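Worksheet: the structure to be examined is printed underneath.
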Amino acid sequence: MEFHKPRTWPEALAIKAEHPDATPIAGGTDVMVELNFDVHRPDVLIDLTEIAELREWFTVDGRYRVGSGVPYARIIDELGATLPGLAMASRTVGSPQIRNRGTVGGNLGAASPAGDAHPPLLAAGAEIEVASVRGTRLIPADEFYTGVKRNAMEPDELIAAFHISPADGPQQFAKIGTRNAMVIAVCSFGLALHPSTRTVGTGVGSAAPTPRRAADAEAFIAGELDWDSPLPLRDSVKRRFGELVAQSASPIDDVRGTAGYRQHALSVMARRTLGWAWDEYRRNR
Amino acid sequence: MSRPTKAPDKAPDRITTPITGGVGESPLRPDGTLKVKGEFAYSSDLWMDDMLWGATLRSPHPYARIVSIDLSGAWQTPGVHTVMTYDDVPGEKLFGLEHTDQPVMAHEVVRYQGEAVAIVAADHPETARRAVDKIVVEYEVLEPLTDAEEAVFATDAPTLHPGGNLVRHLPIRRGDQHATADVVVRGEYEVGMQDQAFLGPESGLAVPAEDGGVDLYIATQWLHVDQKQVAKCLGLPNDKVRLMLAGVGGAFGAREDLSMQVHASMLALRTGRPVKIVYSREESFFGHVHRHPAKLYYEHGATREGRLVYVKARMFLDGGAYASSTGAVVANAATLGVGPYEAPNVTIDCWGAYTNNPPCGAMRGFGAVQAAFAYESQMDRLAAELGLDPVEVRVRNAMAEGTTMPTGQVVDSAAPVAEMLRRVEAMPLPPAAPTDSYDLRELPGGVSNTTHGEGVVRGIGYGIGIKNVCFSEGFDDFSTARVRLEVIAGEPTAMVHTAAAEVGQGLVTVQAQIARTELGVERVTIHPADTQVGSGGSTSASRQTYMTGGAVKAACEKVRGLLLDIARERLHVEGQLHLDGGKIVSDRHGVLADLAEVLGDEVIDETVEWRHRPTEALDPTTGQGFAHVQYAFAVHRAVVDVDVDLGLVRVVALDCVQDVGKAINPDAVVGQIHGGSAQGLGLAVMEEIQVRDGKIRNPSFTDYLIPTILDMPPMKVDVLELADPHAPYGLRGVGEPPTISSTPAIVAAIRAATGLAIPRCPVRPEDITGTA
């Protein structure tokens, strides 16, 4: 196995261009597991941990640009107040040790439907910045996931960062696991209220071949919410929203749960998180 | 006896860390700090510079005929020293705890997924694993037999072993077999396959010795039963197979059977090099037996006052591909099948069957767990049927000292079942969940943020269990202890040497406490456990403090007797003497002399073989007999919060009352109760090896979930000490009872919260939400 440890981003991109099959590694919480289990044995490994800029975040034109190597623990500590949905999801990632190492970039690279970061990125309308020696491009989150553990990147590209707006309204994230900590999602749901655009963003995790938005649910609820004189949401509205979220999923039966349970749980999580977020919006007005 | 030319690194040393307390105190355990700091040497840490690494090829099929095995790819792998199969087993080709039915490596047929087919030794573990992958086995895949009931009764089921598919059928017949009752409740229950999930995977190091034998450093539960089986398979006399206990990372029954012992020894003897084998976590799920999954059919008949008239039960335990300890598990499930209750008329049948599922054998609770889930569920059904409180119905039927068991055995020591139930009932309940605020960590779903209180319903449930302590049914169950007393650097020092396995439960601490108490010395060292001394019996059946503790006590008494004889002679005194604080003390004259002075250069070194009172075999047609040494009891009250919309559960409280006869080390006793309760919680709500068509679907800690600190609540524990006159210090075995009662208590609480029948554990979110 060839092992590269570039010191700079251009160097990393040059290596990736030369070795399009190379596997990038950051926190190692996915890649090392696969290596140790002999599931995946890449010919070339690119260790990105020496590249300082990947571990930085800053604001560009009112949006955050968060380096792909910022670990979950720092997202919780440093961005928790302004990216509450992503922070809530980050708190459910593995154990403290995993949150110290694991990165959103890794979640995006692996593109597992069960990745915890995906639903809040979808709900918040994040964009993924990918780069190669050919240049840099932004991919909207809802175009990023293309199949089970597949994403929209070209072989010579690496994930530089994700761009995400600070929350303009309440955000929520909920995840089902069969124990009260340290679980892989049976299914998960992210929700973001966007008062500035009078829209609601959603993200469904672990209930389809890819993480996905619940577009029908978003359209439905946008038509129901009265942003100017917000009243408590009728139960029937929350339930309808939940049903539409459940319908957006196409889950399977597997070792972690049945398809029927996933759909049911999504409807419950969707109606609950909508209620929490809307109540918070009403309180804060 | 020849000793190894060189001991490996990380082999256990004599424990010289001071252990301070006596019997009834709670000194710190010598391995505690090391384990917390990550410095304890486990069997997987064993090291010799010239060692090779072994790896195992396992069957991907639950049932298949082996057509051919092509080893050439493995042999051609650079770094490989040898490759071996069934044909290379030098001695007996089969082994087994109760039945010699399991091949060292598969021969002609594989009977479960994960069965060993070939082994490789190479100079690097990765090389060994890759060489294993290059072995080509041609299988003729057969339809696996995966249902225990079918295995026993279906006429078209394939016959998996020469004697048929039945490992053991035990009937229990007591009283009127045709009794009728005013109130009848029936139920069908299922218990899933639980894994012991010890943290230290199977591992050990076999070192070839100059005398043609082997020195095996191994994490196990019973050195001598391993020695006997390994020696037979190697075709060596016992004294050429010497076992040393390496650091054990938990056991819970999973180390009773052989795993890599014979394989590593074969590779070492063939290559002339030390060979280490360490299973990965995934391999470990295939490398040891599990708890028998069970199907149980129960019928309870009672009077309108709620007194049991009869209990009828049919139980099926799935033993999987090989017998392991299935026979003894069947005996426990059957003889304890009524639970800690008086029932005049009993009709129980329990079958243990061969299937092509993963082999099942010993796990904490050992048959009593499966039965308790069913009989406790039945007691709740009976209470509901009669409109009685669940505690009240249990108290009305509670057994006591003097009760006749379904086996005809009269219980002849404390059995404070009614008192324990009343005590746990009287414990304060946790406060209700606050309605004006929430803490995610205290809600079902935890930090996953699935509820802020919506859908959460509280439920309370009770469970009580009964367990036999020590080996039963006439087994010649003994432990050996050697105690040596001498003066070292002016200080009287006792050394305790046994072959009993410390598996994390705290036995070495207890051994030192007993020696300090019995000999009145300050300094006690513990010799590493090995086969140089006689058998300590198995670290199972909650028996080691009773048995090896009893043996150490007896050996100390013998040493003390000899010492006091010397004292009487040298000090020219008569009458009662005792030892206290390193002094020889006369009952009449007070302190007479220093022990060190009296002993001088003399060494007293005594070995004692100690037995519990004998038991009897059970009558094979009626199940009658004085089969059990001692009964032990624990009761739990579980309080749960269930998110009834999502089917998620948080156990809010899991309080326990247990009678331990005498707490030799009270902190360790409470630790056992905590751990056992947590393991029972796991079986109640999350722990299951999911097997489909004979294949394990979740062989990893990613998908085989065990409770975390956020799942296990702090416990209130009430320890009773009602002495058993037959046991050393009056003690009662501690380790298993809490595992038995916590599962039914939690499931009862979930039923109370949801109003659902829930006939199966572990309870899945699907079972609560109707989405299975």
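Quick note on naming: the chains in the structure tokens go A, B, ... in the order shown, residues restart at 1 in each chain, and ligands are numbered from 1 in order of appearance.
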Those in segment 122-210 of chain A with alpha helix (DSSP H) from DSSP, as number ranges by chain: A: 122-124, 141-144
Output file for the selection above: C-alpha atoms, as a PDB file, in the first residue's frame:
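Output contents, as saved in selection38.pdb:
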```pdb
ATOM      1  CA  LEU A 122     -29.864  18.445   3.681  1.00  0.00           C
ATOM      2  CA  ALA A 123     -32.280  20.327   5.917  1.00  0.00           C
ATOM      3  CA  ALA A 124     -30.050  23.382   6.071  1.00  0.00           C
ATOM      4  CA  ALA A 141     -26.249  18.468  -0.531  1.00  0.00           C
ATOM      5  CA  ASP A 142     -29.377  17.093  -2.164  1.00  0.00           C
ATOM      6  CA  GLU A 143     -27.406  16.401  -5.338  1.00  0.00           C
ATOM      7  CA  PHE A 144     -24.392  15.005  -3.520  1.00  0.00           C
TER       8      PHE A 144
END
```
Where does chain B meet chain A within 8 Å, residue by residue, with the nearest atom pair and distance in Å to one decimal for each, counting only C-alpha atoms, listed by chain and rising number, as a Markdown table?
```
| residue | atom | partner | partner_atom | distance |
| --- | --- | --- | --- | --- |
| B:Arg441 | CA | A:Asn180 | CA | 7.9 |
| B:Pro444 | CA | A:Asn180 | CA | 6.8 |
| B:Gly445 | CA | A:Asn180 | CA | 4.9 |
| B:Gly446 | CA | A:Asn180 | CA | 4.6 |
| B:Val447 | CA | A:Thr92 | CA | 6.4 |
| B:Ser448 | CA | A:Lys175 | CA | 5.1 |
| B:Asn449 | CA | A:Ala174 | CA | 4.9 |
| B:Thr450 | CA | A:Ala174 | CA | 5.1 |
| B:Thr451 | CA | A:Arg272 | CA | 7.4 |
| B:Asp645 | CA | A:Val268 | CA | 7.1 |
| B:Leu646 | CA | A:Ala265 | CA | 5.8 |
| B:Leu648 | CA | A:Thr178 | CA | 6.9 |
| B:Arg650 | CA | A:Asn180 | CA | 7.6 |
| B:Met686 | CA | A:Thr178 | CA | 6.6 |
| B:Gln690 | CA | A:Val255 | CA | 7.6 |
| B:Arg697 | CA | A:Val255 | CA | 6.6 |
| B:Asn698 | CA | A:Val255 | CA | 6.9 |
| B:Thr702 | CA | A:Ile184 | CA | 7.3 |
| B:Asp703 | CA | A:Arg256 | CA | 7.0 |
| B:Leu705 | CA | A:Arg179 | CA | 7.4 |
| B:Pro707 | CA | A:Arg179 | CA | 7.0 |
| B:Thr708 | CA | A:Ala181 | CA | 7.0 |
| B:Leu710 | CA | A:Asn180 | CA | 5.9 |
| B:Asp711 | CA | A:Asn180 | CA | 5.8 |
| B:Arg764 | CA | A:Thr178 | CA | 7.7 |
| B:Pro765 | CA | A:Thr178 | CA | 7.4 |
| B:Glu766 | CA | A:Tyr261 | CA | 5.9 |
| B:Thr769 | CA | A:Tyr261 | CA | 7.5 |
| B:Thr771 | CA | A:Tyr261 | CA | 5.0 |
| B:Ala772 | CA | A:Thr258 | CA | 6.4 |
```
statement: With distances taken over only C-alpha atoms, the candidate from A:Thr136, A:Ser236, A:Gln171, A:Ser68 nearest Gly80 of chain A is A:Gln171
task: Return as a ChimeraX atom specification the full set of residues in segment 112-229 of chain A whose backbone-based DSSP assignment is strand (DSSP E or B).
output: /A:127-132,135-140,145-147,150-151,158-164,171-176,187-194,199-205,212
- request: Give me the residues within 8 Å of Arg173 of chain B as a PyMOL selection string, counting only C-alpha atoms and dropping any in the same chain fewer than 3 places off.
  value: chain B and resi 177+345-348+406-407+621-624
task: Tell me which protein, DNA and RNA residues are within 12 Å of segment 487-494 of chain B, counting only C-alpha atoms, leaving out same-chain ones fewer than 2 positions away, and put them as a PyMOL selection string.
output: chain B and resi 15-16+18-19+482-485+496-497+511-527+552+555-556+559-560+563+579-584+594-606
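Atom CA of Ala215 of chain A to atom CA of Leu83 of chain A spans 21.8 Å [interatomic distance, one decimal].
With only C-alpha atoms as the atoms that count, the minimum distance from Pro42 of chain A to the choices A:Asp21, A:Glu78, A:Glu157, A:Glu280 is reached by A:Asp21.
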task: Skip His4 of chain A itself and residues of its chain fewer than 5 positions away, then list as a ChimeraX atom specification all residues within 7 Å of it, counting only C-alpha atoms.
output: /A:45-47
Nearby residues (only C-alpha atoms) at most 12 Å from Glu56 of chain A, same-chain spacing under 6 positions excluded, as a PyMOL selection string: chain A and resi 49+64-71+74-75+78-79+160-162
Ala231 of chain B surroundings by only C-alpha atoms, 12 Å radius, close-in-sequence under 6 positions cut, as a PyMOL selection string: chain B and resi 89-95+213-216+223-225+237-243+261-263+265-266
query: Smallest atom-to-atom distance to Glu138 of chain B: which of B:His178, B:Arg65, B:His107, B:His300, using only C-alpha atoms?
result: B:Arg65
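Between Tyr86 of chain B and the residues B:Ala551, B:Cys233, B:Leu429, B:Val23, the shortest atom-to-atom distance, using only C-alpha atoms, involves B:Cys233.
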